[in-house]
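Colleague: This one is protein.csv, CSV, C-alpha atoms.
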chain,number,residue,atom,x,y,z
M,1,MET,CA,0.0,0.0,0.0
M,2,VAL,CA,2.8,2.4,0.9
M,3,GLY,CA,4.7,1.5,-2.3
M,4,GLY,CA,1.5,2.1,-4.3
M,5,MET,CA,1.0,5.5,-2.7
M,6,LYS,CA,4.6,6.5,-3.3
M,7,SER,CA,4.2,5.6,-7.0
M,8,PHE,CA,1.0,7.7,-7.2
M,9,ILE,CA,2.8,10.7,-5.5
M,10,ILE,CA,5.7,10.5,-8.0
M,11,CYS,CA,3.3,10.2,-10.9
M,12,ALA,CA,1.3,13.2,-9.7
M,13,SER,CA,4.4,15.3,-9.4
M,14,ALA,CA,6.6,17.0,-12.0
M,15,ALA,CA,7.0,13.6,-13.7
M,16,LEU,CA,3.3,13.6,-14.7
M,17,ALA,CA,4.1,13.9,-18.4
M,18,ALA,CA,6.0,10.6,-18.3
M,19,CYS,CA,2.9,8.9,-16.8
M,20,THR,CA,0.4,10.3,-19.3
M,21,PRO,CA,-0.3,8.2,-22.4
M,22,THR,CA,0.8,9.8,-25.6
M,23,PRO,CA,-2.3,10.7,-27.7
M,24,PRO,CA,-2.4,8.8,-31.0
M,25,THR,CA,-1.3,10.6,-34.1
M,26,PRO,CA,-3.6,10.6,-37.1
M,27,ILE,CA,-2.4,8.5,-40.0
M,28,VAL,CA,-2.1,10.3,-43.3
M,29,ARG,CA,-4.1,9.2,-46.3
M,30,LYS,CA,-2.3,9.9,-49.6
M,31,GLU,CA,-3.3,10.0,-53.3
M,32,TRP,CA,-2.6,6.7,-55.1
M,33,ARG,CA,-0.2,8.0,-57.6
M,34,THR,CA,2.0,9.6,-54.9
M,35,LEU,CA,2.7,6.2,-53.3
M,36,THR,CA,6.0,4.5,-54.0
M,37,THR,CA,5.9,1.2,-56.0
M,38,SER,CA,6.6,-0.7,-52.7
M,39,GLU,CA,3.8,1.2,-50.9
M,40,LYS,CA,1.3,0.3,-53.7
M,41,ALA,CA,2.4,-3.3,-53.5
M,42,GLU,CA,1.9,-3.4,-49.8
M,43,TYR,CA,-1.6,-2.1,-50.1
M,44,ILE,CA,-2.5,-4.5,-52.9
M,45,ASN,CA,-1.2,-7.4,-50.8
M,46,ALA,CA,-3.2,-6.3,-47.8
M,47,VAL,CA,-6.4,-6.2,-50.0
M,48,LYS,CA,-5.6,-9.8,-51.2
M,49,CYS,CA,-5.1,-10.8,-47.6
M,50,ILE,CA,-8.6,-9.5,-46.6
M,51,LEU,CA,-10.0,-11.2,-49.6
M,52,ALA,CA,-8.6,-14.5,-48.5
M,53,LYS,CA,-9.3,-14.3,-44.7
M,54,PRO,CA,-12.3,-16.3,-43.5
M,55,ALA,CA,-15.4,-14.3,-42.7
M,56,LEU,CA,-16.2,-13.5,-39.0
M,57,THR,CA,-19.8,-14.7,-39.4
M,58,PRO,CA,-20.4,-17.0,-42.4
M,59,GLU,CA,-24.1,-16.8,-43.3
M,60,GLY,CA,-24.2,-20.3,-44.8
M,61,SER,CA,-22.3,-22.8,-46.9
M,62,PRO,CA,-22.0,-22.6,-50.6
M,63,PRO,CA,-23.8,-23.3,-52.9
M,64,THR,CA,-27.1,-23.0,-51.0
M,65,GLY,CA,-26.2,-20.6,-48.3
M,66,HIS,CA,-25.2,-16.9,-48.3
M,67,GLY,CA,-22.0,-16.0,-50.0
M,68,VAL,CA,-20.3,-14.5,-47.0
M,69,ILE,CA,-17.0,-16.4,-47.2
M,70,SER,CA,-14.2,-13.9,-46.6
M,71,ARG,CA,-13.6,-10.9,-44.4
M,72,TYR,CA,-14.0,-8.8,-47.5
M,73,ASP,CA,-17.5,-10.3,-47.9
M,74,ASN,CA,-18.4,-9.2,-44.4
M,75,LEU,CA,-18.3,-5.6,-45.7
M,76,VAL,CA,-19.9,-6.2,-49.0
M,77,TYR,CA,-22.7,-8.0,-47.2
M,78,THR,CA,-23.1,-5.1,-44.8
M,79,HIS,CA,-23.3,-2.7,-47.7
M,80,ILE,CA,-26.0,-4.8,-49.5
M,81,GLN,CA,-28.0,-5.1,-46.3
M,82,GLN,CA,-28.0,-1.3,-45.7
M,83,THR,CA,-28.0,0.0,-49.3
M,84,LEU,CA,-31.5,1.5,-49.1
M,85,GLU,CA,-30.8,2.9,-45.7
M,86,VAL,CA,-27.5,4.7,-46.4
M,87,HIS,CA,-28.0,6.3,-49.9
M,88,TYR,CA,-29.9,9.5,-50.7
M,89,VAL,CA,-30.1,10.2,-47.0
M,90,GLY,CA,-28.5,12.8,-44.7
M,91,HIS,CA,-26.1,10.3,-43.1
M,92,PHE,CA,-24.8,9.0,-46.5
M,93,LEU,CA,-21.4,10.6,-46.1
M,94,ALA,CA,-21.1,9.8,-42.4
M,95,TRP,CA,-21.9,6.2,-42.9
M,96,HIS,CA,-19.4,5.8,-45.7
M,97,ARG,CA,-16.8,7.6,-43.7
M,98,LEU,CA,-17.2,5.0,-41.0
M,99,PHE,CA,-17.3,2.2,-43.6
M,100,THR,CA,-14.1,3.3,-45.3
M,101,ALA,CA,-12.3,3.8,-41.9
M,102,THR,CA,-13.5,0.3,-40.8
M,103,TYR,CA,-11.9,-1.2,-44.0
M,104,GLU,CA,-8.7,0.8,-43.3
M,105,LYS,CA,-8.5,-0.7,-39.8
M,106,MET,CA,-9.1,-4.2,-41.1
M,107,LEU,CA,-6.2,-3.9,-43.5
M,108,ARG,CA,-4.0,-2.5,-40.8
M,109,ASN,CA,-5.0,-4.7,-37.8
M,110,GLU,CA,-5.8,-8.0,-39.6
M,111,CYS,CA,-3.3,-7.9,-42.5
M,112,GLY,CA,-0.3,-6.0,-41.2
M,113,TYR,CA,-0.7,-3.0,-43.6
M,114,THR,CA,1.3,-0.1,-42.3
M,115,GLY,CA,0.0,2.7,-44.4
M,116,ALA,CA,-3.3,4.6,-44.5
M,117,GLN,CA,-6.2,4.1,-46.9
M,118,PRO,CA,-5.2,5.8,-50.2
M,119,TYR,CA,-7.6,7.9,-52.2
M,120,TRP,CA,-8.1,8.4,-55.9
M,121,ASP,CA,-8.2,12.1,-56.9
M,122,TRP,CA,-10.3,11.7,-60.0
M,123,THR,CA,-10.0,15.4,-60.9
M,124,LEU,CA,-6.5,14.5,-62.1
M,125,ASP,CA,-7.8,11.9,-64.5
M,126,ALA,CA,-11.2,13.3,-65.6
M,127,ALA,CA,-10.0,14.1,-69.1
M,128,ASP,CA,-9.5,10.3,-69.7
M,129,ILE,CA,-9.8,8.0,-66.7
M,130,THR,CA,-8.5,5.1,-68.8
M,131,ALA,CA,-5.0,6.6,-68.6
M,132,SER,CA,-5.2,6.8,-64.8
M,133,PRO,CA,-2.4,5.1,-62.9
M,134,ILE,CA,-5.1,3.5,-60.7
M,135,PHE,CA,-5.8,1.1,-63.6
M,136,ASP,CA,-2.2,0.3,-64.2
M,137,PRO,CA,-1.8,-3.5,-64.6
M,138,MET,CA,1.5,-3.7,-62.8
M,139,THR,CA,1.2,-1.1,-60.0
M,140,GLY,CA,-2.5,-0.5,-59.9
M,141,PHE,CA,-5.8,-2.4,-59.9
M,142,GLY,CA,-5.9,-3.5,-63.5
M,143,GLY,CA,-8.1,-2.0,-66.2
M,144,ASN,CA,-11.2,-2.6,-68.2
M,145,GLY,CA,-13.1,-5.7,-69.2
M,146,PRO,CA,-13.8,-6.7,-72.8
M,147,TRP,CA,-16.9,-5.3,-74.5
M,148,VAL,CA,-20.2,-6.9,-73.6
M,149,PRO,CA,-23.2,-5.8,-75.6
M,150,SER,CA,-26.0,-4.0,-73.7
M,151,ASP,CA,-29.3,-5.9,-73.1
M,152,PRO,CA,-32.0,-4.2,-75.1
M,153,THR,CA,-34.7,-5.8,-72.9
M,154,SER,CA,-33.3,-4.4,-69.6
M,155,TRP,CA,-35.4,-1.8,-67.8
M,156,MET,CA,-32.2,0.0,-66.9
M,157,PRO,CA,-30.7,2.1,-69.7
M,158,PRO,CA,-27.0,1.5,-70.4
M,159,VAL,CA,-24.5,3.9,-68.9
M,160,PRO,CA,-23.6,6.5,-71.6
M,161,GLY,CA,-20.2,5.9,-73.1
M,162,ARG,CA,-19.6,2.5,-71.6
M,163,THR,CA,-16.7,0.6,-73.2
M,164,GLY,CA,-16.4,-2.8,-71.5
M,165,GLY,CA,-18.4,-5.0,-69.2
M,166,GLY,CA,-16.5,-8.3,-69.0
M,167,CYS,CA,-14.0,-9.7,-66.5
M,168,VAL,CA,-10.9,-7.6,-66.0
M,169,VAL,CA,-8.1,-8.9,-68.2
M,170,ASP,CA,-5.0,-7.6,-66.4
M,171,GLY,CA,-3.8,-6.5,-63.0
M,172,PRO,CA,-3.8,-8.3,-59.6
M,173,PHE,CA,-7.4,-9.4,-59.7
M,174,ALA,CA,-7.6,-10.8,-63.3
M,175,GLY,CA,-8.3,-14.5,-63.9
M,176,ILE,CA,-10.0,-15.1,-60.6
M,177,ASN,CA,-13.5,-16.4,-61.3
M,178,ASP,CA,-14.6,-16.5,-57.7
M,179,LEU,CA,-13.2,-13.1,-56.4
M,180,VAL,CA,-16.8,-11.8,-55.9
M,181,HIS,CA,-19.2,-14.0,-54.0
M,182,LEU,CA,-22.4,-11.8,-53.6
M,183,GLY,CA,-24.7,-10.0,-56.0
M,184,PRO,CA,-25.6,-8.9,-58.5
M,185,GLY,CA,-28.1,-6.5,-56.9
M,186,ASP,CA,-29.2,-7.4,-53.4
M,187,SER,CA,-28.7,-11.1,-53.8
M,188,LEU,CA,-26.9,-12.7,-50.8
M,189,VAL,CA,-26.7,-16.2,-52.2
M,190,TYR,CA,-23.3,-17.6,-53.0
M,191,ASN,CA,-22.6,-16.6,-56.6
M,192,PRO,CA,-18.9,-16.9,-57.6
M,193,GLN,CA,-18.0,-14.2,-60.1
M,194,CYS,CA,-15.0,-12.5,-61.6
M,195,LEU,CA,-14.3,-8.8,-61.1
M,196,LYS,CA,-15.9,-6.9,-63.9
M,197,ARG,CA,-15.3,-3.3,-65.1
M,198,ASP,CA,-17.2,-1.3,-67.8
M,199,LEU,CA,-15.2,2.0,-68.0
M,200,ALA,CA,-17.2,4.9,-69.2
M,201,PRO,CA,-14.6,7.7,-69.7
M,202,SER,CA,-17.0,10.2,-71.3
M,203,PHE,CA,-19.4,9.8,-68.5
M,204,ALA,CA,-16.7,10.2,-65.9
M,205,SER,CA,-15.4,13.4,-67.5
M,206,MET,CA,-18.9,14.9,-67.0
M,207,TYR,CA,-18.8,14.5,-63.2
M,208,LEU,CA,-15.3,14.0,-62.0
M,209,GLY,CA,-13.6,17.1,-63.2
M,210,MET,CA,-12.6,20.1,-61.1
M,211,ASN,CA,-15.6,22.1,-62.3
M,212,GLN,CA,-18.0,19.6,-60.6
M,213,THR,CA,-15.8,19.4,-57.6
M,214,GLN,CA,-15.7,23.2,-57.2
M,215,LEU,CA,-19.5,23.3,-57.6
M,216,THR,CA,-19.8,20.8,-54.8
M,217,LEU,CA,-17.3,22.5,-52.5
M,218,SER,CA,-19.1,25.9,-52.9
M,219,GLN,CA,-22.3,24.8,-51.3
M,220,PRO,CA,-23.4,27.0,-48.3
M,221,ASP,CA,-24.6,24.3,-45.9
M,222,PHE,CA,-24.4,20.5,-45.5
M,223,GLY,CA,-27.9,19.9,-46.9
M,224,TRP,CA,-26.9,21.4,-50.2
M,225,PHE,CA,-23.4,19.9,-50.1
M,226,ASN,CA,-24.7,16.4,-49.6
M,227,ALA,CA,-27.3,16.7,-52.3
M,228,VAL,CA,-24.8,17.9,-54.9
M,229,VAL,CA,-22.3,15.1,-53.9
M,230,GLU,CA,-24.9,12.3,-54.4
M,231,GLY,CA,-26.8,13.9,-57.3
M,232,SER,CA,-29.8,11.9,-58.4
M,233,PRO,CA,-30.3,8.4,-59.7
M,234,SER,CA,-30.5,9.9,-63.2
M,235,PHE,CA,-27.4,9.7,-65.4
M,236,ASP,CA,-28.2,13.3,-66.2
M,237,ALA,CA,-27.4,14.5,-62.7
M,238,SER,CA,-25.1,11.9,-61.1
M,239,GLY,CA,-22.8,14.1,-59.1
M,240,VAL,CA,-19.2,13.1,-58.1
M,241,HIS,CA,-20.5,10.0,-56.3
M,242,GLY,CA,-22.2,8.6,-59.3
M,243,GLY,CA,-19.5,9.8,-61.6
M,244,GLY,CA,-17.0,7.5,-59.9
M,245,HIS,CA,-19.2,4.6,-59.6
M,246,PHE,CA,-20.6,4.6,-63.1
M,247,GLY,CA,-17.4,5.9,-64.7
M,248,VAL,CA,-15.6,2.7,-63.4
M,249,GLY,CA,-18.4,0.2,-63.2
M,250,GLY,CA,-20.6,1.3,-66.2
M,251,THR,CA,-23.5,-1.0,-66.7
M,252,PHE,CA,-22.0,-4.5,-66.0
M,253,GLY,CA,-19.1,-3.8,-63.6
M,254,GLN,CA,-19.6,-4.2,-59.8
M,255,MET,CA,-18.8,-0.6,-59.2
M,256,GLY,CA,-21.9,0.4,-61.1
M,257,ASP,CA,-24.1,-1.8,-58.9
M,258,LEU,CA,-25.5,0.3,-56.0
M,259,ASN,CA,-25.7,-2.8,-53.8
M,260,THR,CA,-22.5,-4.7,-54.5
M,261,SER,CA,-20.2,-1.8,-55.5
M,262,PRO,CA,-17.7,-2.5,-52.6
M,263,ALA,CA,-16.8,-5.8,-54.4
M,264,ASP,CA,-14.4,-3.7,-56.5
M,265,PRO,CA,-11.5,-2.6,-54.4
M,266,ILE,CA,-11.4,0.7,-56.2
M,267,PHE,CA,-14.7,1.5,-54.3
M,268,HIS,CA,-12.6,2.3,-51.2
M,269,LEU,CA,-10.3,4.7,-53.0
M,270,HIS,CA,-13.3,6.5,-54.6
M,271,HIS,CA,-15.0,6.9,-51.3
M,272,ALA,CA,-11.8,8.0,-49.6
M,273,ASN,CA,-11.8,10.9,-52.0
M,274,LEU,CA,-15.4,11.6,-51.5
M,275,ASP,CA,-14.6,11.7,-47.8
M,276,ARG,CA,-11.6,14.0,-48.5
M,277,LEU,CA,-14.0,16.3,-50.4
M,278,TRP,CA,-16.4,16.4,-47.4
M,279,TRP,CA,-13.5,17.1,-45.0
M,280,SER,CA,-12.3,19.8,-47.4
M,281,TRP,CA,-15.7,21.4,-47.2
M,282,GLN,CA,-15.9,21.0,-43.5
M,283,SER,CA,-12.4,22.6,-43.1
M,284,LEU,CA,-13.6,25.8,-44.9
M,285,ASN,CA,-15.5,26.7,-41.8
M,286,LEU,CA,-14.3,25.0,-38.6
M,287,PRO,CA,-15.6,24.3,-36.0
M,288,ALA,CA,-19.1,25.2,-37.3
M,289,ARG,CA,-19.2,22.5,-39.9
M,290,LEU,CA,-18.3,19.8,-37.3
M,291,SER,CA,-22.0,19.9,-36.3
M,292,ASP,CA,-23.6,20.8,-39.6
M,293,ILE,CA,-25.7,17.8,-40.6
M,294,SER,CA,-29.1,17.5,-42.1
M,295,GLY,CA,-31.2,15.6,-44.6
M,296,PRO,CA,-33.8,12.8,-44.7
M,297,SER,CA,-33.4,9.7,-42.5
M,298,ILE,CA,-35.3,7.6,-45.1
M,299,ILE,CA,-34.1,7.2,-48.7
M,300,MET,CA,-35.3,10.2,-50.8
M,301,ASP,CA,-38.1,11.0,-48.4
M,302,PRO,CA,-38.0,14.7,-47.5
M,303,THR,CA,-40.9,14.2,-45.0
M,304,SER,CA,-38.9,11.7,-42.9
M,305,PRO,CA,-37.2,12.9,-39.7
M,306,ASN,CA,-34.1,15.0,-40.1
M,307,VAL,CA,-30.8,13.3,-39.5
M,308,THR,CA,-29.0,14.6,-36.4
M,309,LEU,CA,-25.7,14.1,-34.8
M,310,ALA,CA,-27.3,11.3,-32.7
M,311,HIS,CA,-28.3,9.3,-35.7
M,312,PRO,CA,-27.0,5.7,-35.3
M,313,LEU,CA,-24.5,4.2,-37.6
M,314,SER,CA,-23.5,0.5,-38.0
M,315,VAL,CA,-21.1,-1.5,-40.1
M,316,GLY,CA,-22.2,-4.9,-38.8
M,317,VAL,CA,-19.7,-7.4,-37.4
M,318,SER,CA,-16.7,-5.5,-38.6
M,319,GLY,CA,-16.9,-2.5,-36.3
M,320,VAL,CA,-18.5,-0.9,-33.3
M,321,ASP,CA,-21.9,0.8,-33.6
M,322,THR,CA,-21.7,4.6,-33.2
M,323,THR,CA,-23.4,7.8,-34.2
M,324,VAL,CA,-23.0,10.5,-36.9
M,325,GLY,CA,-21.6,12.9,-34.2
M,326,ASP,CA,-18.8,10.4,-33.5
M,327,VAL,CA,-17.4,10.6,-37.1
M,328,MET,CA,-17.7,14.3,-37.8
M,329,LYS,CA,-14.1,15.1,-37.0
M,330,ILE,CA,-11.6,12.9,-38.9
M,331,ASP,CA,-8.6,13.7,-36.7
M,332,ALA,CA,-10.3,13.5,-33.3
M,333,CYS,CA,-8.3,10.3,-32.3
M,334,GLY,CA,-10.6,9.7,-29.3
M,335,THR,CA,-11.0,13.3,-28.3
M,336,GLY,CA,-14.6,14.0,-29.3
M,337,GLY,CA,-14.7,11.3,-31.9
M,338,SER,CA,-13.3,7.9,-32.9
M,339,MET,CA,-11.8,8.8,-36.4
M,340,CYS,CA,-8.0,9.1,-36.4
M,341,TYR,CA,-6.7,10.0,-39.8
M,342,THR,CA,-6.1,13.0,-42.0
M,343,TYR,CA,-5.2,13.8,-45.7
M,344,ASP,CA,-2.0,14.9,-47.3
M,345,SER,CA,-3.8,17.7,-49.1
M,346,LEU,CA,-7.3,19.1,-49.4
M,347,TYR,CA,-9.4,20.8,-52.1
M,348,THR,CA,-9.7,24.6,-51.8
M,349,LEU,CA,-12.2,27.0,-53.4
M,350,LEU,CA,-10.7,28.5,-56.5
What's the structure tokens form of this structure?

Modeller:
Amino acid sequence: MVGGMKSFIICASAALAACTPTPPTPIVRKEWRTLTTSEKAEYINAVKCILAKPALTPEGSPPTGHGVISRYDNLVYTHIQQTLEVHYVGHFLAWHRLFTATYEKMLRNECGYTGAQPYWDWTLDAADITASPIFDPMTGFGGNGPWVPSDPTSWMPPVPGRTGGGCVVDGPFAGINDLVHLGPGDSLVYNPQCLKRDLAPSFASMYLGMNQTQLTLSQPDFGWFNAVVEGSPSFDASGVHGGGHFGVGGTFGQMGDLNTSPADPIFHLHHANLDRLWWSWQSLNLPARLSDISGPSIIMDPTSPNVTLAHPLSVGVSGVDTTVGDVMKIDACGTGGSMCYTYDSLYTLL
């Protein structure tokens, strides 16, 4: 008892600093093309690791059960389950901030990745996304799939300017016929598929350029900002969110599927940049925009209750349930929030 008291007295004296845990330092997310070749390889290897790790909660056994086989599937499953709850709502950006950060933690904690989640700054590639280093077959995620004709009987019109649709033919995920286990659409039944891309460069150039990014960044409040980010389900008003999804996924690629879009690893780089855009907007007026949240709580229903900071968020078995307020500050690191990362650069109003 005396020894314990002595330790307390020493710790409470001038040596207090030595007894106080050092606050965590935010990890820094960087743009894909700025990573070294070895850093890119480390990230790709971590993605492969998560794709191969067994799921935490398999929902059944193939071929009759659900297709939740890998840790990666855990997240795809969660996205499918919540698709109609986390799109075209006020918590769209907050939920996807948590979703991307959860994936980042999985790569780091379960697969030994030492970096932060990279982002894809599509404004640098909007003139021709097919030339983007993100699609490099050696140091990127591989490119397009071969041409697949559109289905004239489909109720869904083809994405304008689509150029592919088949299995990717190069890169680290080519030639794997069971890389994707869920979908298309909201199907949860085991369905082994290859990774497909259907690049639509002309569509991407409409929504991923700096002009659209500046329009988004200039919005006066969160309600307008969120609406411009998401756009509408129409190809005529897709916003930067749809520009990335349909620009990469087109009609037949997983990235163009609202439900199963996380099946393409590029999803996480796209959403990291959407999150960077949101943090850029927030940073234009801090601390006021750390509490600026609004929008419907039910998909495209303006009469539904308004989203608040207390609105609940969940990423299923892969993370801890939290609230919108908990994710508003990306570099909180436990002080007023659980996010603990930052970006190497932000967008600014021109």

Colleague: Work out how far CA of Leu217 (chain M) is from CA of Tyr43 (chain M), in Å to one decimal.

Modeller: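 For CA of Tyr43 (chain M) relative to CA of Leu217 (chain M), the distance reads 29.3 Å.
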
Colleague: Report the closest atom pair, with its distance in Å rounded to one decimal, for each residue of region 51-164 of chain M that has an atom no farther than 10 Å from region 218-240 of chain M; count all atoms listed in the file, sort by chain and then rising residue number, and write it as CSV.

Modeller:
residue,atom,partner,partner_atom,distance
M:His87,CA,M:Glu230,CA,8.1
M:Tyr88,CA,M:Glu230,CA,6.8
M:Val89,CA,M:Asn226,CA,8.6
M:Gly90,CA,M:Asn226,CA,7.2
M:His91,CA,M:Asn226,CA,9.0
M:Phe92,CA,M:Asn226,CA,8.0
M:Leu93,CA,M:Asn226,CA,7.5
M:Trp122,CA,M:Val240,CA,9.2
M:Thr123,CA,M:Val240,CA,9.9
M:Pro157,CA,M:Phe235,CA,9.3
M:Pro158,CA,M:Phe235,CA,9.6
M:Val159,CA,M:Phe235,CA,7.4
M:Pro160,CA,M:Phe235,CA,7.9

Colleague: Can you measure CA of Phe203 (chain M) to CA of Trp95 (chain M) for me? One decimal in Å is fine.

Modeller: 26.0 Å

Colleague: Using all atoms listed in the file, which residue out of M:Asp198, M:Glu39, M:Asp321, M:Glu110 lies closest to Gly250 (chain M)?

Modeller: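 Smallest distance to Gly250 (chain M) is found for M:Asp198.
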
Colleague: Enter the distance from CA of His181 (chain M) to CA of Gly161 (chain M), in Å, rounded to one decimal.

Modeller: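 One can read the CA of His181 (chain M) to CA of Gly161 (chain M) distance as 27.6 Å.
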
Colleague: Could you list, as a PDB file with C-alpha atoms, keeping the file's coordinate frame, every residue within 10 Å of Val320 (chain M), counting only C-alpha atoms and ignoring same-chain residues fewer than 6 positions away?

Modeller:
ATOM      1  CA  LEU M  98     -17.200   5.000 -41.000  1.00  0.00           C
ATOM      2  CA  THR M 102     -13.500   0.300 -40.800  1.00  0.00           C
ATOM      3  CA  LEU M 313     -24.500   4.200 -37.600  1.00  0.00           C
ATOM      4  CA  SER M 314     -23.500   0.500 -38.000  1.00  0.00           C
TER       5      SER M 314
END

Colleague: Give the answer as one residue: which of M:Ala332, M:Ile134, M:Leu208, M:Met106 has the shortest atom-to-atom distance to Lys40 (chain M), using all atoms listed in the file?

Modeller: M:Ile134

Colleague: From the options M:Val148, M:Ile330, M:Cys340, M:Val315, which residue's atoms come nearest to Phe99 (chain M), counting all atoms listed in the file?

Modeller: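 So, comparing all the options, the nearest one is M:Val315.
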
Colleague: Find, counting only C-alpha atoms, the residue in M:Thr114, M:Gln82, M:Thr139, M:Ser70 that gets nearest to Arg33 (chain M).

Modeller: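 Selected residue with least distance to Arg33 (chain M): M:Thr139.
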
Colleague: With distances taken over all atoms listed in the file, which of M:Tyr103, M:Tyr347, M:Tyr207, M:Phe173 is nearest to Trp279 (chain M)?

Modeller: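 Checking each candidate against Trp279 (chain M), we get M:Tyr347 as the closest.
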
Colleague: For Pro137 (chain M), which residue among M:Pro184, M:Gly171, M:Pro192, M:Gly115 is the nearest when counting all atoms listed in the file?

Modeller: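 Nearest candidate to Pro137 (chain M) out of M:Pro184, M:Gly171, M:Pro192, M:Gly115: M:Gly171.
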
Colleague: Compile the contact shell of Leu199 (chain M) as a CSV table (one decimal) with C-alpha atoms, in the coordinates of the input: residues with an atom at most 10 Å away, counting all atoms listed in the file, same-chain residues fewer than 4 positions apart removed.

Modeller:
chain,number,residue,atom,x,y,z
M,129,ILE,CA,-9.8,8.0,-66.7
M,130,THR,CA,-8.5,5.1,-68.8
M,143,GLY,CA,-8.1,-2.0,-66.2
M,144,ASN,CA,-11.2,-2.6,-68.2
M,145,GLY,CA,-13.1,-5.7,-69.2
M,147,TRP,CA,-16.9,-5.3,-74.5
M,159,VAL,CA,-24.5,3.9,-68.9
M,161,GLY,CA,-20.2,5.9,-73.1
M,162,ARG,CA,-19.6,2.5,-71.6
M,163,THR,CA,-16.7,0.6,-73.2
M,164,GLY,CA,-16.4,-2.8,-71.5
M,165,GLY,CA,-18.4,-5.0,-69.2
M,203,PHE,CA,-19.4,9.8,-68.5
M,204,ALA,CA,-16.7,10.2,-65.9
M,244,GLY,CA,-17.0,7.5,-59.9
M,245,HIS,CA,-19.2,4.6,-59.6
M,246,PHE,CA,-20.6,4.6,-63.1
M,247,GLY,CA,-17.4,5.9,-64.7
M,248,VAL,CA,-15.6,2.7,-63.4
M,249,GLY,CA,-18.4,0.2,-63.2
M,250,GLY,CA,-20.6,1.3,-66.2
M,251,THR,CA,-23.5,-1.0,-66.7
M,252,PHE,CA,-22.0,-4.5,-66.0
M,253,GLY,CA,-19.1,-3.8,-63.6
M,255,MET,CA,-18.8,-0.6,-59.2
M,256,GLY,CA,-21.9,0.4,-61.1

Colleague: Find the spatial neighbours of Ser132 (chain M), counting all atoms listed in the file, within a cut-off of 10 Å - ignore same-chain residues fewer than 4 positions away - and output them as a PyMOL selection string.

Modeller: chain M and resi 33+120-122+124-128+136+140+143

Colleague: List as a list in words: which residues have an atom within 6 Å of (-18.0, -18.2, -58.9), counting all atoms listed in the file?

Modeller: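 Using all atoms listed in the file, the matching residues come out as Asn177, Asp178, Asn191, Pro192 and Gln193 of chain M.
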
Colleague: Write out as a PyMOL selection string the residues lying within 8 Å of Leu75 (chain M), counting only C-alpha atoms and excluding same-chain residues fewer than 4 positions away.

Modeller: chain M and resi 71+79+103+262+315-316+318

Colleague: List the spatial neighbours of His311 (chain M) as a list in words - criterion: any atom at most 8 Å away, only C-alpha atoms, same-chain residues fewer than 4 positions off excluded.

Modeller: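 That gives His91, Val307, Thr323, Val324 and Gly325 of chain M.
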
Colleague: Could you turn the residues from that selection into a file that holds C-alpha atoms, as an mmCIF file, keeping the file's coordinate frame?

Modeller:
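Okay, result-v2.cif is ready:
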data_model
loop_
_atom_site.group_PDB
_atom_site.id
_atom_site.type_symbol
_atom_site.label_atom_id
_atom_site.label_comp_id
_atom_site.auth_asym_id
_atom_site.auth_seq_id
_atom_site.Cartn_x
_atom_site.Cartn_y
_atom_site.Cartn_z
ATOM 1 C CA HIS M 91 -26.100 10.300 -43.100
ATOM 2 C CA VAL M 307 -30.800 13.300 -39.500
ATOM 3 C CA THR M 323 -23.400 7.800 -34.200
ATOM 4 C CA VAL M 324 -23.000 10.500 -36.900
ATOM 5 C CA GLY M 325 -21.600 12.900 -34.200
#

Colleague: Fix up region 337-343 of chain M with N, CA, C and O atoms, then write it as a PDB file, keeping the file's coordinate frame.

Modeller:
ATOM      1  N   GLY M 337     -14.390  12.099 -30.747  1.00  0.00           N
ATOM      2  CA  GLY M 337     -14.700  11.300 -31.900  1.00  0.00           C
ATOM      3  C   GLY M 337     -13.718  10.138 -32.059  1.00  0.00           C
ATOM      4  O   GLY M 337     -12.625  10.158 -31.483  1.00  0.00           O
ATOM      5  N   SER M 338     -14.107   9.123 -32.826  1.00  0.00           N
ATOM      6  CA  SER M 338     -13.300   7.900 -32.900  1.00  0.00           C
ATOM      7  C   SER M 338     -12.417   7.871 -34.195  1.00  0.00           C
ATOM      8  O   SER M 338     -11.550   7.007 -34.321  1.00  0.00           O
ATOM      9  N   MET M 339     -12.640   8.770 -35.166  1.00  0.00           N
ATOM     10  CA  MET M 339     -11.800   8.800 -36.400  1.00  0.00           C
ATOM     11  C   MET M 339     -10.416   9.270 -36.011  1.00  0.00           C
ATOM     12  O   MET M 339     -10.246  10.123 -35.136  1.00  0.00           O
ATOM     13  N   CYS M 340      -9.411   8.727 -36.712  1.00  0.00           N
ATOM     14  CA  CYS M 340      -8.000   9.100 -36.400  1.00  0.00           C
ATOM     15  C   CYS M 340      -7.163   9.057 -37.645  1.00  0.00           C
ATOM     16  O   CYS M 340      -6.257   8.231 -37.757  1.00  0.00           O
ATOM     17  N   TYR M 341      -7.451   9.936 -38.587  1.00  0.00           N
ATOM     18  CA  TYR M 341      -6.700  10.000 -39.800  1.00  0.00           C
ATOM     19  C   TYR M 341      -6.773  11.434 -40.349  1.00  0.00           C
ATOM     20  O   TYR M 341      -7.586  12.240 -39.881  1.00  0.00           O
ATOM     21  N   THR M 342      -5.978  11.746 -41.343  1.00  0.00           N
ATOM     22  CA  THR M 342      -6.100  13.000 -42.000  1.00  0.00           C
ATOM     23  C   THR M 342      -5.658  12.818 -43.473  1.00  0.00           C
ATOM     24  O   THR M 342      -5.405  11.681 -43.892  1.00  0.00           O
ATOM     25  N   TYR M 343      -5.592  13.909 -44.238  1.00  0.00           N
ATOM     26  CA  TYR M 343      -5.200  13.800 -45.700  1.00  0.00           C
ATOM     27  C   TYR M 343      -3.972  14.645 -45.926  1.00  0.00           C
ATOM     28  O   TYR M 343      -3.731  15.663 -45.267  1.00  0.00           O
TER      29      TYR M 343
END
